[in-house]
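What follows is the content of input.cif (mmCIF, C-alpha atoms (C1' of nucleotides)).
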data_final
loop_
_atom_site.label_atom_id
_atom_site.label_comp_id
_atom_site.auth_asym_id
_atom_site.auth_seq_id
_atom_site.Cartn_x
_atom_site.Cartn_y
_atom_site.Cartn_z
CA MET A 1 61.78 129.75 137.04
CA THR A 2 64.05 129.37 134.09
CA PHE A 3 63.12 128.45 130.61
CA THR A 4 66.06 126.48 129.34
CA THR A 5 65.55 127.06 125.68
CA SER A 6 67.59 125.99 122.72
CA ARG A 7 69.44 129.28 122.93
CA ASP A 8 71.49 127.86 125.83
CA VAL A 9 73.80 126.22 123.40
CA LEU A 10 77.57 126.04 123.41
CA THR A 11 79.82 125.69 120.43
CA ARG A 12 82.69 123.27 120.62
CA GLY A 13 85.17 126.07 121.15
CA THR A 14 83.15 127.60 123.96
CA LEU A 15 82.65 124.27 125.66
CA ALA A 16 86.36 123.58 125.49
CA LYS A 17 87.22 126.99 126.88
CA ARG A 18 84.74 126.71 129.74
CA ALA A 19 85.72 123.20 130.68
CA GLY A 20 89.38 124.01 130.30
CA CYS A 21 90.70 121.84 127.52
CA HIS A 22 91.86 122.07 123.94
CA ILE A 23 89.12 122.28 121.32
CA GLU A 24 90.33 119.16 119.57
CA THR A 25 90.10 117.19 122.79
CA VAL A 26 86.34 117.55 122.69
CA ARG A 27 86.17 115.97 119.26
CA TYR A 28 88.54 113.26 120.37
CA TYR A 29 86.42 112.36 123.40
CA GLU A 30 83.39 112.14 121.19
CA LYS A 31 85.24 109.92 118.76
CA ILE A 32 86.27 107.45 121.46
CA GLY A 33 82.85 107.51 123.04
CA LEU A 34 83.39 109.43 126.27
CA LEU A 35 81.11 112.21 125.10
CA ALA A 36 77.88 111.45 123.27
CA PRO A 37 77.45 112.94 119.80
CA PRO A 38 75.60 116.21 120.42
CA ALA A 39 72.80 117.80 118.45
CA ARG A 40 73.83 119.65 115.31
CA SER A 41 72.86 122.92 113.80
CA VAL A 42 71.41 122.98 110.29
CA GLY A 43 74.88 123.72 109.02
CA GLY A 44 76.38 120.81 110.92
CA HIS A 45 77.95 122.55 113.89
CA ARG A 46 77.88 120.77 117.24
CA GLN A 47 75.50 122.11 119.87
CA TYR A 48 76.39 121.45 123.47
CA ARG A 49 74.54 122.12 126.71
CA GLU A 50 75.30 122.57 130.38
CA ALA A 51 75.13 118.84 130.97
CA ASP A 52 77.87 118.27 128.41
CA GLN A 53 80.01 120.80 130.18
CA ARG A 54 79.58 119.01 133.51
CA ARG A 55 80.40 115.69 131.90
CA LEU A 56 83.49 117.06 130.20
CA ARG A 57 84.66 118.56 133.49
CA PHE A 58 84.27 115.20 135.16
CA ILE A 59 86.30 113.56 132.42
CA LEU A 60 89.03 116.17 132.60
CA ARG A 61 89.19 115.90 136.36
CA ALA A 62 89.58 112.13 136.19
CA ARG A 63 92.32 112.57 133.58
CA GLU A 64 94.12 115.07 135.81
CA LEU A 65 94.02 112.42 138.48
CA GLY A 66 95.79 110.16 136.03
CA PHE A 67 93.03 107.64 135.36
CA PRO A 68 93.66 106.06 131.98
CA ILE A 69 90.91 106.35 129.39
CA GLU A 70 89.74 102.76 129.82
CA GLU A 71 89.30 103.13 133.57
CA LEU A 72 87.58 106.42 133.00
CA ARG A 73 85.21 104.66 130.63
CA SER A 74 84.27 102.28 133.45
CA LEU A 75 83.86 105.13 135.89
CA LEU A 76 81.59 106.96 133.49
CA SER A 77 79.37 104.02 132.76
CA MET A 78 79.03 103.28 136.47
CA VAL A 79 78.08 106.88 137.15
CA ASP A 80 75.79 107.04 134.12
CA GLU A 81 73.89 104.00 135.27
CA HIS A 82 74.01 105.00 138.94
CA ALA A 83 75.38 101.51 139.37
CA TYR A 84 78.33 101.82 141.70
CA THR A 85 79.16 101.53 145.33
CA CYS A 86 81.72 103.55 147.21
CA GLY A 87 83.65 100.33 147.72
CA GLU A 88 83.98 99.76 143.98
CA ILE A 89 85.15 103.27 143.28
CA GLN A 90 87.58 103.12 146.16
CA ALA A 91 88.96 99.84 144.84
CA MET A 92 89.54 101.33 141.39
CA THR A 93 91.22 104.30 142.99
CA MET A 94 93.49 102.07 145.04
CA THR A 95 94.50 100.11 141.96
CA HIS A 96 95.35 103.32 140.21
CA LEU A 97 97.17 104.59 143.27
CA THR A 98 99.30 101.47 143.29
CA SER A 99 100.40 102.05 139.74
CA VAL A 100 101.24 105.66 140.55
CA ARG A 101 103.33 104.49 143.49
CA ASP A 102 105.09 101.96 141.30
CA ARG A 103 106.00 104.65 138.82
CA ILE A 104 107.29 106.84 141.64
CA ARG A 105 109.49 104.03 142.92
CA ASP A 106 110.88 103.36 139.44
CA LEU A 107 111.70 107.02 138.96
CA GLN A 108 113.27 107.26 142.39
CA ARG A 109 115.57 104.35 141.61
CA LEU A 110 116.48 106.05 138.38
CA GLU A 111 117.07 109.33 140.18
CA ARG A 112 119.46 107.71 142.65
CA THR A 113 121.38 105.97 139.89
CA LEU A 114 121.74 109.15 137.89
CA SER A 115 122.79 111.27 140.82
CA VAL A 116 125.38 108.76 141.94
CA MET A 117 126.77 108.72 138.42
CA ALA A 118 126.82 112.50 138.20
CA GLU A 119 128.58 112.74 141.55
CA ARG A 120 131.31 110.37 140.46
CA CYS A 121 132.07 112.72 137.58
CA SER A 122 134.76 115.31 137.85
CA GLY A 123 132.85 117.63 135.56
CA ASP A 124 136.15 118.85 134.19
CA GLN A 125 137.07 119.72 130.65
CA VAL A 126 138.64 116.31 130.12
CA PRO A 127 137.74 113.70 127.50
CA ASP A 128 137.22 111.04 130.16
CA CYS A 129 133.94 110.61 131.94
CA ALA A 130 132.65 108.23 134.60
CA ILE A 131 129.14 108.38 133.16
CA ILE A 132 130.30 107.25 129.75
CA GLU A 133 132.41 104.52 131.34
CA GLU A 134 129.33 103.38 133.21
CA MET A 135 127.25 103.20 130.08
CA LEU A 136 129.94 101.28 128.28
CA GLY A 137 129.87 98.74 131.11
CA GLU A 138 127.27 96.21 132.15
CA PRO A 139 123.60 97.05 132.63
CA THR A 140 122.29 97.05 136.18
CA ARG A 141 118.78 96.73 137.51
CA ASP A 142 118.50 100.39 138.39
CA GLY A 143 117.19 101.73 135.13
CA GLY A 144 113.62 102.13 134.17
CA MET B 1 143.31 80.53 121.44
CA THR B 2 140.53 82.06 119.35
CA PHE B 3 140.78 83.20 115.78
CA THR B 4 138.44 86.13 115.48
CA THR B 5 137.66 85.86 111.83
CA SER B 6 134.80 87.20 109.76
CA ARG B 7 132.88 84.10 110.77
CA ASP B 8 132.22 85.76 114.16
CA VAL B 9 128.98 87.08 112.88
CA LEU B 10 125.77 87.56 114.77
CA THR B 11 122.30 87.41 113.36
CA ARG B 12 119.80 90.03 114.41
CA GLY B 13 118.09 87.62 116.78
CA THR B 14 121.33 86.63 118.44
CA LEU B 15 122.46 90.22 118.79
CA ALA B 16 119.15 91.13 120.39
CA LYS B 17 119.32 88.21 122.78
CA ARG B 18 122.89 88.95 123.82
CA ALA B 19 122.34 92.65 124.24
CA GLY B 20 119.06 92.07 125.99
CA CYS B 21 116.38 93.62 123.86
CA HIS B 22 113.58 92.69 121.53
CA ILE B 23 114.59 91.65 118.03
CA GLU B 24 112.48 94.37 116.44
CA THR B 25 114.19 97.01 118.54
CA VAL B 26 117.40 96.35 116.63
CA ARG B 27 115.73 97.07 113.33
CA TYR B 28 114.09 100.15 114.82
CA TYR B 29 117.39 101.55 116.04
CA GLU B 30 118.88 101.01 112.60
CA LYS B 31 115.92 102.78 111.03
CA ILE B 32 116.29 105.86 113.21
CA GLY B 33 120.03 105.90 112.76
CA LEU B 34 121.34 104.81 116.15
CA LEU B 35 122.83 101.65 114.68
CA ALA B 36 124.60 101.72 111.34
CA PRO B 37 123.27 99.44 108.61
CA PRO B 38 125.34 96.28 108.95
CA ALA B 39 126.82 94.05 106.26
CA ARG B 40 124.43 91.62 104.65
CA SER B 41 124.68 87.99 103.67
CA VAL B 42 124.13 87.03 100.04
CA GLY B 43 120.54 86.28 100.93
CA GLY B 44 120.06 89.65 102.58
CA HIS B 45 120.34 88.77 106.26
CA ARG B 46 122.01 91.28 108.56
CA GLN B 47 125.48 90.41 109.84
CA TYR B 48 126.54 91.96 113.12
CA ARG B 49 129.81 91.92 115.01
CA GLU B 50 131.08 92.37 118.53
CA ALA B 51 131.33 96.12 118.05
CA ASP B 52 127.66 96.29 117.21
CA GLN B 53 126.86 94.40 120.36
CA ARG B 54 128.83 96.87 122.47
CA ARG B 55 127.14 99.78 120.77
CA LEU B 56 123.69 98.32 121.26
CA ARG B 57 124.45 97.69 124.94
CA PHE B 58 125.47 101.32 125.32
CA ILE B 59 122.25 102.44 123.71
CA LEU B 60 120.13 100.17 125.87
CA ARG B 61 121.93 101.28 128.99
CA ALA B 62 121.31 104.93 128.17
CA ARG B 63 117.65 104.13 127.50
CA GLU B 64 117.37 102.33 130.85
CA LEU B 65 118.71 105.50 132.39
CA GLY B 66 115.82 107.30 130.74
CA PHE B 67 117.73 109.37 128.20
CA PRO B 68 115.37 110.19 125.35
CA ILE B 69 116.39 109.12 121.87
CA GLU B 70 117.44 112.60 120.79
CA GLU B 71 119.77 113.06 123.76
CA LEU B 72 121.09 109.60 123.17
CA ARG B 73 121.82 110.58 119.60
CA SER B 74 123.94 113.45 120.89
CA LEU B 75 125.69 111.20 123.37
CA LEU B 76 126.49 108.71 120.64
CA SER B 77 127.88 111.23 118.22
CA MET B 78 130.02 112.74 120.94
CA VAL B 79 131.37 109.33 121.86
CA ASP B 80 131.78 108.32 118.21
CA GLU B 81 133.86 111.38 117.50
CA HIS B 82 135.68 111.25 120.83
CA ALA B 83 134.54 114.84 121.08
CA TYR B 84 133.25 115.29 124.58
CA THR B 85 134.38 116.44 127.95
CA CYS B 86 133.27 115.12 131.29
CA GLY B 87 131.70 118.50 131.95
CA GLU B 88 129.46 118.26 128.90
CA ILE B 89 128.27 114.77 129.72
CA GLN B 90 127.68 115.75 133.31
CA ALA B 91 125.64 118.75 132.20
CA MET B 92 123.45 116.57 130.00
CA THR B 93 123.00 114.16 132.86
CA MET B 94 122.01 116.95 135.23
CA THR B 95 119.44 118.26 132.75
CA HIS B 96 117.99 114.82 132.44
CA LEU B 97 118.06 114.39 136.21
CA THR B 98 116.08 117.57 136.62
CA SER B 99 113.33 116.29 134.37
CA VAL B 100 113.24 113.01 136.28
CA ARG B 101 112.90 114.95 139.54
CA ASP B 102 110.10 117.04 138.05
CA ARG B 103 108.22 113.93 137.08
CA ILE B 104 108.68 112.50 140.55
CA ARG B 105 107.29 115.64 142.12
CA ASP B 106 104.27 115.62 139.81
CA LEU B 107 103.55 112.01 140.64
CA GLN B 108 103.96 112.62 144.36
CA ARG B 109 101.42 115.41 144.24
CA LEU B 110 99.08 113.10 142.41
CA GLU B 111 99.71 110.36 144.94
CA ARG B 112 98.82 112.62 147.84
CA THR B 113 95.63 113.81 146.17
CA LEU B 114 94.52 110.28 145.40
CA SER B 115 95.27 108.92 148.84
CA VAL B 116 93.45 111.76 150.54
CA MET B 117 90.46 111.07 148.33
CA ALA B 118 90.56 107.36 149.03
CA GLU B 119 90.78 107.98 152.77
CA ARG B 120 87.72 110.17 152.72
CA CYS B 121 85.78 107.28 151.27
CA SER B 122 83.81 104.96 153.46
CA GLY B 123 84.44 102.07 151.11
CA ASP B 124 81.01 100.73 151.96
CA GLN B 125 78.48 99.13 149.68
CA VAL B 126 76.62 102.40 149.29
CA PRO B 127 75.85 104.29 146.09
CA ASP B 128 77.44 107.44 147.41
CA CYS B 129 81.14 108.11 147.08
CA ALA B 130 83.41 110.96 148.10
CA ILE B 131 85.69 110.32 145.14
CA ILE B 132 82.86 110.69 142.66
CA GLU B 133 81.67 113.82 144.44
CA GLU B 134 85.16 115.20 144.16
CA MET B 135 85.34 114.55 140.46
CA LEU B 136 81.95 116.12 139.91
CA GLY B 137 83.25 119.25 141.64
CA GLU B 138 85.80 121.82 140.59
CA PRO B 139 89.26 120.95 139.32
CA THR B 140 92.15 121.68 141.64
CA ARG B 141 95.81 122.12 140.90
CA ASP B 142 96.79 118.75 142.29
CA GLY B 143 96.33 116.64 139.21
CA GLY B 144 98.92 115.85 136.66
"C1'" DA C 1 76.36 140.86 100.62
"C1'" DT C 2 80.63 140.54 102.92
"C1'" DC C 3 84.02 139.41 106.03
"C1'" DG C 4 86.61 137.27 109.58
"C1'" DA C 5 86.26 134.01 113.04
"C1'" DC C 6 84.83 129.80 113.86
"C1'" DT C 7 83.79 125.03 112.72
"C1'" DC C 8 83.60 120.86 109.75
"C1'" DT C 9 85.99 116.21 108.19
"C1'" DG C 10 89.77 113.27 107.57
"C1'" DT C 11 94.30 112.33 108.31
"C1'" DC C 12 99.10 112.63 109.92
"C1'" DG C 13 102.40 113.09 113.68
"C1'" DC C 14 104.48 112.58 118.27
"C1'" DA C 15 107.75 108.51 121.48
"C1'" DG C 16 109.45 104.27 121.39
"C1'" DC C 17 108.82 100.65 120.31
"C1'" DT C 18 105.89 95.86 119.25
"C1'" DA C 19 103.25 92.90 116.25
"C1'" DC C 20 101.76 91.08 112.14
"C1'" DA C 21 101.39 89.36 107.12
"C1'" DG C 22 103.29 87.29 103.41
"C1'" DG C 23 107.33 86.04 101.55
"C1'" DT C 24 112.60 84.38 101.52
"C1'" DT C 25 116.82 82.33 103.53
"C1'" DC C 26 119.56 79.50 106.50
"C1'" DA C 27 121.35 75.55 108.77
"C1'" DA C 28 120.78 71.07 110.40
"C1'" DG C 29 119.21 66.44 109.77
"C1'" DA C 30 117.82 62.37 106.68
"C1'" DT D 1 120.97 66.46 97.87
"C1'" DC D 2 116.65 67.41 99.63
"C1'" DT D 3 113.61 68.79 103.21
"C1'" DT D 4 112.12 70.82 107.08
"C1'" DG D 5 111.23 74.48 110.29
"C1'" DA D 6 113.23 78.24 112.53
"C1'" DA D 7 114.82 82.52 111.70
"C1'" DC D 8 114.94 86.29 108.85
"C1'" DC D 9 113.26 89.89 105.28
"C1'" DT D 10 110.12 94.20 104.15
"C1'" DG D 11 106.43 97.25 104.89
"C1'" DT D 12 102.90 98.69 107.63
"C1'" DA D 13 99.60 99.12 111.51
"C1'" DG D 14 98.91 99.62 116.39
"C1'" DC D 15 99.59 101.23 121.14
"C1'" DT D 16 98.39 106.26 124.46
"C1'" DG D 17 96.16 110.64 124.31
"C1'" DC D 18 95.72 113.85 122.16
"C1'" DG D 19 97.53 118.21 118.87
"C1'" DA D 20 98.06 120.11 114.28
"C1'" DC D 21 96.91 120.79 109.66
"C1'" DA D 22 94.44 121.33 105.00
"C1'" DG D 23 90.74 122.61 102.44
"C1'" DA D 24 86.12 123.40 102.68
"C1'" DG D 25 81.79 125.12 104.82
"C1'" DT D 26 79.10 127.97 108.42
"C1'" DC D 27 78.00 131.64 111.62
"C1'" DG D 28 76.98 136.15 113.13
"C1'" DA D 29 77.86 140.96 112.95
"C1'" DT D 30 78.05 144.83 109.94
#
Can I see the file as structure tokens?
Amino acid sequence: MTFTTSRDVLTRGTLAKRAGCHIETVRYYEKIGLLAPPARSVGGHRQYREADQRRLRFILRARELGFPIEELRSLLSMVDEHAYTCGEIQAMTMTHLTSVRDRIRDLQRLERTLSVMAERCSGDQVPDCAIIEEMLGEPTRDGG
Amino acid sequence: MTFTTSRDVLTRGTLAKRAGCHIETVRYYEKIGLLAPPARSVGGHRQYREADQRRLRFILRARELGFPIEELRSLLSMVDEHAYTCGEIQAMTMTHLTSVRDRIRDLQRLERTLSVMAERCSGDQVPDCAIIEEMLGEPTRDGG
DNA sequence: ATCGACTCTGTCGCAGCTACAGGTTCAAGA
DNA sequence: TCTTGAACCTGTAGCTGCGACAGAGTCGAT
């Protein structure tokens, strides 16, 4: 039996450290509405609890997975309201996954273009370079 | 037979269209010093020439290849002063290539994590989702 | 009471542009 | 020559997702 009293309070710095983010990130997430404004001490300092820590962890995890803030906002409200199905979450994830795959493809095209260009170069100490020639020429559709 | 006189002048809009960028981009590149301030008409309108168009194309091509502005600035000054060797340009390209490859690897890790998560999901119309469970759990080192 | 560490607010800065407001100029047609 | 209307001018704000800073106030241990 635990008495969760008001002494179980975290400062902003402690919350940030425990959740694993920068202290200013906490304030930022509050500002944009991902974290609710917490209780305050008499002097005005924020007072967080375990639940805030869990929520912040969730947010940070979603960010690590690359979900943009707006999608994360949807995720959070669905979870908050217990109003989601696995199908909906999976669909959001697939949409996100598609954009990740698109970015990968773009970067891979870029990578191939750059490596071809670098290979064509002699790399010598001469004032004449295939890469520069390329860039002085016409644009292709390889860039990103 | 064409007389290339001072009448061969391009407005900002025309330059942008021919080089293939947004009109405001031209002004931006002038502001940050990639394009020199051009001559002006009596009324104050910018007057560009063929040389400006070539320079802008070079810049845009380098940007398509993902070179950040600061590296591009180096490239431009080297080309402007005819003070570069193929080896130097190649080295810059390889550095850039490395960062592109790093980004690809990060995104691929992310892609794998997301697809594994999505596969674990039933996708059904149930209020219980493996992806959400995952995000409520501990962070891993897969995210980016 | 004092002291250092922490926190408070508001605001700027980053990259690389894009968009807008409110005004002026240009070029073509009547 | 006059009149449109498109294009241009400047300065500034906005986008994403925070991080950094200044100058002031608070907290907790001594």
For the full set of C-alpha atoms taken in order, report to one decimal the RMSD after fitting chain A onto chain B.
0.8 Å
Residues of chain B were defined as contacting chain A if any atom lay at most 7 Å from it, counting all atoms listed in the file; please report them as a PyMOL selection string.
chain B and resi 58+61-62+64-66+84-87+90+93+97+100+104+107+110-111+114+118+121-129+135-136+139+143-144
Using CA of Phe67 (chain B) and C1' of DT12 (chain D) as the two end points, give the distance in Å to one decimal.
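Interatomic distance, CA of Phe67 (chain B) to C1' of DT12 (chain D): 27.5 Å.
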Once the PyMOL selection byres ((chain A) within 9 of (chain C)) has been applied to the shown file, what residues remain in the selection, as a list in words?
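Listing what the PyMOL selection byres ((chain A) within 9 of (chain C)) selects in the shown file: Thr11, Arg12, Gly13, Gly44, His45 and Arg46 of chain A.
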For the selection you just gave me, I'd like the residues written to a file as an mmCIF file, in the frame of the given file, keeping C-alpha atoms.
data_model
loop_
_atom_site.group_PDB
_atom_site.id
_atom_site.type_symbol
_atom_site.label_atom_id
_atom_site.label_comp_id
_atom_site.auth_asym_id
_atom_site.auth_seq_id
_atom_site.Cartn_x
_atom_site.Cartn_y
_atom_site.Cartn_z
ATOM 1 C CA THR A 11 79.820 125.690 120.430
ATOM 2 C CA ARG A 12 82.690 123.270 120.620
ATOM 3 C CA GLY A 13 85.170 126.070 121.150
ATOM 4 C CA GLY A 44 76.380 120.810 110.920
ATOM 5 C CA HIS A 45 77.950 122.550 113.890
ATOM 6 C CA ARG A 46 77.880 120.770 117.240
#
For a quick check of understanding, using only C-alpha atoms (C1' of nucleotides), which of D:DA20, D:DA29, D:DC8, D:DC15 has the smallest distance to Gln47 (chain B)?
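Looking only at the distances to Gln47 (chain B), the closest residue turns out to be D:DC8.
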How close does chain D get to chain A? List, as a Markdown table, each residue of chain D within 10 Å, its nearest atom pair and the distance in Å to one decimal, counting only C-alpha atoms (C1' of nucleotides).
| residue | atom | partner | partner_atom | distance |
| --- | --- | --- | --- | --- |
| D:DT16 | C1' | A:Pro68 | CA | 8.9 |
| D:DG17 | C1' | A:Ile69 | CA | 8.5 |
| D:DC18 | C1' | A:Thr25 | CA | 6.6 |
| D:DG19 | C1' | A:Glu24 | CA | 7.3 |
| D:DA20 | C1' | A:Glu24 | CA | 9.4 |
| D:DG25 | C1' | A:Gly43 | CA | 8.2 |
| D:DT26 | C1' | A:Gly43 | CA | 6.0 |
| D:DC27 | C1' | A:Gly43 | CA | 8.9 |
As a check of understanding: the span from CA of Tyr48 (chain A) to CA of Val9 (chain A) is 5.4 Å
Quick one: distance from CA of Ala36 (chain A) to C1' of DC21 (chain D) in Å, one decimal?
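So the two atoms, CA of Ala36 (chain A) and C1' of DC21 (chain D), lie 25.2 Å apart.
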Smallest atom-to-atom distance to Gly33 (chain B): which of B:Ser77, B:Thr14, B:Gln53, B:Thr95, using all atoms listed in the file?
B:Ser77
